[in-house]
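As stored in start.txt (compact mmCIF, C-alpha atoms and all ligand atoms):
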```txt
# COMPACT_ATOMS: atom_id res chain seq x y z
CA MET A 1 136.64 145.02 158.48
CA ASP A 2 135.76 147.16 155.50
CA GLN A 3 133.17 149.62 156.90
CA SER A 4 131.51 150.02 153.52
CA ARG A 5 130.46 146.41 153.73
CA GLN A 6 128.87 146.72 157.12
CA SER A 7 125.10 146.49 157.00
CA PHE A 8 122.96 149.49 157.87
CA LEU A 9 121.42 147.11 160.40
CA GLY A 10 124.55 147.30 162.55
CA LYS A 11 127.71 145.44 163.44
CA ASN A 12 127.42 141.65 163.31
CA SER A 13 123.81 142.02 162.21
CA PRO A 14 123.82 138.90 159.98
CA GLN A 15 124.89 136.76 162.97
CA ILE A 16 122.43 138.46 165.32
CA ILE A 17 119.56 138.07 162.86
CA ALA A 18 120.48 134.43 162.19
CA SER A 19 120.33 133.73 165.94
CA LEU A 20 116.73 134.98 166.22
CA ARG A 21 113.75 132.67 166.52
CA VAL A 22 110.31 133.82 165.43
CA ALA A 23 106.87 132.24 165.46
CA ILE A 24 104.26 132.94 162.82
CA VAL A 25 100.77 131.87 163.85
CA GLY A 26 98.45 131.67 160.86
CA LEU A 27 99.96 131.08 157.44
CA GLY A 28 97.31 132.65 155.25
CA GLY A 29 97.87 135.62 152.99
CA GLY A 30 99.49 137.82 155.66
CA GLY A 31 101.57 135.12 157.35
CA SER A 32 102.98 133.91 154.04
CA HIS A 33 104.30 137.41 153.25
CA ILE A 34 105.87 137.75 156.70
CA ALA A 35 107.59 134.35 156.40
CA GLN A 36 108.96 135.24 152.99
CA GLN A 37 110.39 138.57 154.17
CA LEU A 38 111.90 137.10 157.34
CA ALA A 39 113.56 134.37 155.29
CA HIS A 40 115.19 136.97 153.05
CA VAL A 41 116.20 139.06 156.06
CA GLY A 42 118.06 136.01 157.36
CA ILE A 43 116.16 134.91 160.46
CA GLY A 44 117.65 131.55 161.46
CA ASN A 45 114.84 129.83 163.33
CA PHE A 46 111.15 129.63 162.56
CA VAL A 47 108.15 128.19 164.34
CA LEU A 48 105.33 127.87 161.80
CA VAL A 49 101.81 127.29 163.09
CA ASP A 50 98.83 126.35 160.92
CA PHE A 51 96.78 123.19 160.74
CA ASP A 52 95.16 123.97 157.37
CA HIS A 53 96.01 122.69 153.96
CA VAL A 54 95.99 124.93 150.91
CA GLU A 55 92.83 125.25 148.82
CA ASP A 56 92.09 126.67 145.42
CA SER A 57 90.56 129.75 147.06
CA ASN A 58 93.93 130.58 148.74
CA LEU A 59 95.97 130.76 145.54
CA ASN A 60 95.25 134.43 144.91
CA ARG A 61 96.93 135.52 148.15
CA LEU A 62 99.08 132.78 149.68
CA VAL A 63 102.57 133.70 148.57
CA GLY A 64 104.51 130.63 147.47
CA ALA A 65 101.53 128.32 146.93
CA THR A 66 101.12 126.66 143.53
CA ALA A 67 98.33 124.89 141.67
CA LYS A 68 100.20 121.64 142.26
CA ASP A 69 100.10 122.27 146.03
CA VAL A 70 96.32 122.57 145.79
CA ASN A 71 96.08 119.28 143.85
CA LYS A 72 98.19 117.55 146.47
CA ALA A 73 96.29 119.26 149.32
CA ARG A 74 99.62 120.27 150.86
CA LEU A 75 99.73 121.71 154.34
CA LYS A 76 100.39 125.44 154.53
CA VAL A 77 103.27 124.83 156.94
CA ASP A 78 104.95 122.64 154.31
CA ILE A 79 104.51 125.26 151.58
CA ILE A 80 105.92 128.05 153.74
CA ALA A 81 108.77 125.85 155.03
CA ARG A 82 109.67 125.09 151.40
CA GLN A 83 109.75 128.84 150.65
CA ILE A 84 112.03 129.52 153.59
CA LYS A 85 114.35 126.60 152.81
CA ALA A 86 114.60 127.72 149.20
CA VAL A 87 116.16 130.99 150.44
CA ASN A 88 118.49 129.24 152.89
CA PRO A 89 118.47 125.46 153.38
CA ALA A 90 120.22 125.87 156.76
CA MET A 91 117.29 127.62 158.42
CA LYS A 92 115.74 125.65 161.26
CA ILE A 93 111.99 125.21 161.10
CA THR A 94 109.57 123.78 163.64
CA LYS A 95 106.14 122.99 162.17
CA ILE A 96 103.03 122.91 164.31
CA THR A 97 99.91 121.56 162.64
CA LYS A 98 97.48 121.86 165.50
CA PRO A 99 96.09 124.80 167.47
CA TRP A 100 99.11 126.66 168.90
CA GLN A 101 97.79 126.27 172.46
CA GLU A 102 98.37 122.51 172.20
CA ASP A 103 102.08 122.88 171.43
CA ALA A 104 102.76 126.21 173.10
CA GLU A 105 106.17 125.26 174.51
CA HIS A 106 107.69 125.85 171.06
CA LEU A 107 106.65 129.50 171.28
CA ARG A 108 108.13 130.20 174.71
CA ASP A 109 111.66 131.01 173.63
CA CYS A 110 110.81 133.02 170.52
CA HIS A 111 112.09 136.56 170.06
CA ALA A 112 108.77 137.59 168.55
CA ILE A 113 105.39 136.08 167.79
CA PHE A 114 103.58 137.25 164.67
CA GLY A 115 99.81 136.82 164.84
CA CYS A 116 98.07 136.54 161.49
CA VAL A 117 94.77 135.14 162.73
CA ASP A 118 91.15 136.03 162.08
CA SER A 119 89.53 136.01 165.49
CA PHE A 120 89.90 138.60 168.21
CA SER A 121 89.78 135.96 170.93
CA CYS A 122 92.73 134.17 169.31
CA ARG A 123 94.63 137.47 169.25
CA ARG A 124 93.88 138.05 172.90
CA ASP A 125 95.08 134.52 173.81
CA LEU A 126 98.30 135.02 171.83
CA GLU A 127 98.93 138.34 173.56
CA VAL A 128 98.30 136.82 177.00
CA PHE A 129 100.79 134.06 176.20
CA ALA A 130 103.39 136.44 174.76
CA ARG A 131 103.18 138.75 177.78
CA ARG A 132 103.72 135.86 180.18
CA TYR A 133 106.98 135.00 178.42
CA LEU A 134 107.98 138.63 177.85
CA ILE A 135 107.86 138.16 174.07
CA PRO A 136 106.92 140.95 171.65
CA TYR A 137 103.62 140.15 169.92
CA ILE A 138 103.04 141.67 166.48
CA ASP A 139 99.56 141.45 165.00
CA ILE A 140 98.29 142.22 161.52
CA GLY A 141 94.72 142.37 160.32
CA MET A 142 92.67 143.73 157.47
CA ASP A 143 89.06 144.49 156.67
CA VAL A 144 87.19 145.07 153.45
CA HIS A 145 84.05 147.12 154.07
CA PRO A 146 81.23 147.85 151.65
CA LEU A 147 80.56 151.58 151.34
CA PRO A 148 77.15 153.19 150.84
CA SER A 149 78.28 154.29 147.36
CA GLY A 150 78.60 150.65 146.30
CA GLU A 151 82.40 150.86 146.40
CA PHE A 152 84.59 149.11 148.94
CA SER A 153 87.10 150.32 151.46
CA ILE A 154 90.25 148.42 152.36
CA SER A 155 91.77 149.14 155.74
CA GLY A 156 94.08 147.36 158.12
CA GLN A 157 96.48 147.71 160.98
CA THR A 158 99.75 146.43 162.39
CA VAL A 159 99.79 146.48 166.18
CA MET A 160 102.67 145.54 168.47
CA SER A 161 102.26 144.54 172.11
CA LEU A 162 105.56 144.83 174.00
CA PRO A 163 106.23 143.67 177.57
CA GLY A 164 105.90 146.69 179.86
CA GLU A 165 104.16 148.76 177.17
CA LEU A 166 100.52 149.39 176.36
CA CYS A 167 98.59 146.25 175.40
CA LEU A 168 96.09 145.62 172.60
CA LYS A 169 93.27 146.73 174.90
CA CYS A 170 95.03 149.90 176.04
CA LEU A 171 95.78 150.75 172.43
CA GLY A 172 92.07 150.52 171.66
CA PHE A 173 92.50 147.62 169.25
CA LEU A 174 90.89 144.87 171.33
CA THR A 175 87.65 145.91 172.96
CA ASP A 176 85.14 143.91 174.96
CA ASP A 177 82.53 144.68 172.31
CA LEU A 178 84.73 143.29 169.54
CA LEU A 179 85.56 140.20 171.56
CA ALA A 180 81.84 139.67 172.18
CA LEU A 181 80.80 140.31 168.59
CA GLU A 182 83.81 138.82 166.80
CA ALA A 183 82.97 141.32 164.09
CA GLN A 184 84.78 140.65 160.84
CA ASN A 185 83.74 142.37 157.66
CA TYR A 186 86.43 140.67 155.65
CA ARG A 187 83.72 138.55 154.05
CA ALA A 188 82.62 141.64 152.17
CA ALA A 189 85.62 140.94 149.93
CA GLY A 190 83.90 137.75 148.70
CA GLY A 191 84.73 134.07 148.97
CA LYS A 192 88.13 134.34 147.28
CA PRO A 193 89.43 137.65 148.52
CA GLN A 194 92.23 138.92 146.27
CA VAL A 195 93.94 140.82 149.06
CA VAL A 196 97.55 140.04 148.24
CA TRP A 197 98.64 143.69 147.98
CA PRO A 198 97.17 145.04 151.24
CA ASN A 199 98.51 141.91 152.96
CA GLY A 200 101.94 142.77 151.58
CA VAL A 201 101.78 146.29 153.02
CA LEU A 202 100.67 145.07 156.46
CA ALA A 203 103.30 142.32 156.51
CA SER A 204 106.02 144.80 155.55
CA MET A 205 104.96 147.09 158.39
CA ALA A 206 105.08 144.17 160.82
CA VAL A 207 108.54 143.07 159.71
CA GLY A 208 109.72 146.69 159.96
CA LEU A 209 108.55 146.96 163.59
CA PHE A 210 110.28 143.67 164.37
CA MET A 211 113.57 144.72 162.75
CA GLN A 212 113.45 147.95 164.75
CA LEU A 213 113.38 145.89 167.94
CA TYR A 214 116.47 143.84 167.17
CA THR A 215 118.67 146.04 165.02
CA PRO A 216 119.88 149.56 165.82
CA TRP A 217 119.35 151.30 162.49
CA HIS A 218 117.61 154.20 164.20
CA TYR A 219 116.61 155.25 167.68
CA SER A 220 113.15 156.33 168.65
CA GLU A 221 112.10 157.62 172.06
CA ARG A 222 108.81 155.79 171.97
CA PRO A 223 108.36 152.46 170.17
CA THR A 224 105.86 152.49 167.32
CA LEU A 225 103.02 150.27 168.47
CA TYR A 226 100.04 150.94 166.23
CA LEU A 227 100.12 151.67 162.51
CA GLU A 228 96.97 152.06 160.46
CA TYR A 229 96.70 151.41 156.74
CA ASP A 230 94.15 153.06 154.48
CA GLY A 231 94.17 151.06 151.27
CA ASN A 232 91.93 153.50 149.41
CA GLU A 233 94.17 156.48 150.16
CA SER A 234 97.39 154.41 149.92
CA GLU A 235 98.39 155.73 153.32
CA VAL A 236 100.12 154.32 156.40
CA LYS A 237 100.11 156.39 159.58
CA LEU A 238 100.29 156.18 163.35
CA THR A 239 96.89 155.61 164.91
CA PRO A 240 95.15 158.93 165.64
CA ARG A 241 94.80 157.68 169.24
CA TRP A 242 98.57 157.86 169.67
CA PRO A 243 98.86 161.39 171.16
CA TYR A 244 96.24 160.52 173.77
CA LEU A 245 98.14 157.45 174.91
CA GLU A 246 101.26 159.31 175.98
CA GLY A 247 102.26 158.64 179.59
CA LYS A 248 99.57 155.95 180.03
CA ARG A 249 100.48 152.66 181.68
CA CYS A 250 98.86 149.29 181.01
CA PRO A 251 96.74 148.13 183.96
CA HIS A 252 96.08 144.72 182.35
CA PHE A 253 99.47 142.99 182.47
CA ASN A 254 101.36 144.48 185.38
CA GLN A 255 100.90 141.80 187.99
CA ILE A 256 103.77 139.47 188.65
CA GLU A 257 101.34 136.53 188.75
CA ASP A 258 100.71 137.08 185.05
CA VAL A 259 104.08 135.53 184.21
CA GLY A 260 104.44 131.80 183.40
CA ASP A 261 102.22 129.16 181.81
CA PRO A 262 98.65 130.25 181.16
CA PHE A 263 95.79 127.79 180.92
CA PHE A 264 93.40 127.80 178.03
CA GLU A 265 90.13 126.09 177.54
CA HIS A 266 90.32 124.96 173.94
CA LYS A 267 87.12 123.99 172.17
CA GLU A 268 87.38 121.77 169.09
ZN ZN B 301 96.61 147.13 178.80
```
Produce structure tokens that represent the structure in this file.
Amino acid sequence: MDQSRQSFLGKNSPQIIASLRVAIVGLGGGGSHIAQQLAHVGIGNFVLVDFDHVEDSNLNRLVGATAKDVNKARLKVDIIARQIKAVNPAMKITKITKPWQEDAEHLRDCHAIFGCVDSFSCRRDLEVFARRYLIPYIDIGMDVHPLPSGEFSISGQTVMSLPGELCLKCLGFLTDDLLALEAQNYRAAGGKPQVVWPNGVLASMAVGLFMQLYTPWHYSERPTLYLEYDGNESEVKLTPRWPYLEGKRCPHFNQIEDVGDPFFEHKE
């Protein structure tokens, strides 16, 4: 084979990437970017989870959605599936249009689960599920905060929870206080948040962490688990907590009884 044609992602990388199966839970602004990038990268199998249909207020950030989709009240899973199929009609797509917990068997054999959800309890449930099936869980989230000066700050993070590694709690992302408060300042961005560009940054970081897991383009001693984005400074960096986490082990997911089907109490 002509070496110059080999991808920087490694030998046989197109076949390897095509064999991967990923789930994206939450197809809002962030999830739509991730789906688009993974389609172009050549992922062969998708599980798309979202029970919502597109609304006028989503058009400023849901990549791939059109005014016609809003008129037809199309489901977000159908819009994203159309985007993916437009890149490669052969890609296999499973659509789930109910809460993921009700159809969780489709997520069990995924190579990664991307969480693009609003609530911290939903993130925790997704991580618990992913850990039980030894699946990497990659989470993105963003906040828009009002500042005392009257300006706004945009910040966000991409966090990855790997089997055997530190979890979202250990990393300081999920805290009991946050779970209790369900604090989200995103509303500060208004009713139609035009957050397409920070979503794009966070999604790109998430896809980068995923590609690092499955392709050997570089080796790193310690996997990158927690990247922070400062939208006002246009800066992405490792969480400042990182140096203090060296050598720590997760006490939350070590028990062997934590593997297998979890049970969730789902409230409508
Ligand atoms: Zn932990």
Enclose all atoms of stretch 202-216 of chain A listed in the file in an axis-aligned box, grow every side by 5 Å, and hand back centre and edge lengths in Å to one decimal, as lines of an AutoDock Vina configuration file.
```
center_x = 110.3
center_y = 145.9
center_z = 161.7
size_x = 29.2
size_y = 17.2
size_z = 22.4
```
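For ligand ZN 301 (chain B), the set of protein, DNA and RNA residues within 7 Å, based on only C-alpha atoms and all ligand atoms, reads Leu166, Cys167, Leu168, Lys169, Cys170, Cys250, Pro251, His252 and Phe253 of chain A.
For the choices A:Thr239, A:Asn232, A:Asn254, A:Asn71, the atom-to-atom distance to A:Ser153 is smallest for A:Asn232 when using all atoms listed in the file.
Straight-line separation from atom CA of A:Ile154 to atom CA of A:Ile140: 13.7 Å.
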Residues within 7 Å of A:Ile138, all atoms listed in the file, excluding chain neighbours under 3 positions, as a PyMOL selection string: chain A and resi 113-115+159-161+206
Nearby residues (only C-alpha atoms) at most 6 Å from stretch 76-84 of chain A, same-chain spacing under 4 positions excluded, as a PDB file with C-alpha atoms, in the coordinates of the input:
```pdb
ATOM      1  CA  ALA A  39     113.560 134.370 155.290  1.00  0.00           C
ATOM      2  CA  HIS A  53      96.010 122.690 153.960  1.00  0.00           C
ATOM      3  CA  VAL A  54      95.990 124.930 150.910  1.00  0.00           C
TER       4      VAL A  54
END
```
Å distance separating atom CA of A:Phe46 from atom CA of A:Met91, one decimal place: 7.7 Å
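Using all atoms listed in the file, the residues found no farther than 9 Å from stretch 148-152 of chain A, other than those of its own chain fewer than 2 positions away, are A:Val144, A:His145, A:Pro146, A:Ile154, A:Ala188, A:Ala189, A:Asn232.
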Two-atom distance - atom CA of A:Ile96, atom CA of A:Phe51 (Å): 7.2 Å
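Proximity of A:Gly31, A:Pro193, A:Pro223, A:Gly42 to A:Ser13, computed with only C-alpha atoms, is greatest for A:Gly42.
Of the residues listed (A:Ile24, A:Leu162, A:Leu179, A:Leu225), A:Leu162 shows the shortest atom-to-atom separation from A:Val128; distances use all atoms listed in the file.
Here the question is which of A:Gly64, A:Asp118, A:Pro136, A:Ile43 gets nearest to A:Leu209 using only C-alpha atoms, and that residue is A:Pro136.
Proximity ranking of A:Thr158, A:Thr175, A:Thr94, A:Ser19 relative to A:Gly44 places A:Ser19 first, based on only C-alpha atoms.
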Selection as a list in words: residues within 10 Å of (109.3, 142.4, 160.8), counting only C-alpha atoms: Val22, Ile34, Ala35, Gln37, Leu38, Val41, Ala112, Phe114, Ile138, Ala203, Ser204, Met205, Ala206, Val207, Gly208, Leu209, Phe210, Met211, Gln212, Leu213 and Tyr214 of chain A
Exercise: residues within 12 Å of coordinate (100.3, 156.4, 168.8), counting only C-alpha atoms, as a PyMOL selection string: chain A and resi 158-160+165-166+170-173+222-228+237-248
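In terms of minimum interatomic distance to A:Val236, A:Val201 ranks closest within A:Val201, A:Ala65, A:Val259, A:Leu134, counting all atoms listed in the file.
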Selection near A:Asn199, 8 Å with all atoms listed in the file, sequence-local residues under 6 positions removed, as a ChimeraX atom specification: /A:29-30,33,142
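Every protein or nucleic acid residue with an atom no more than 7 Å from A:Trp217, counting all atoms listed in the file and leaving out same-chain residues fewer than 3 positions away, appears here: A:Phe8, A:Leu9, A:Gly10.
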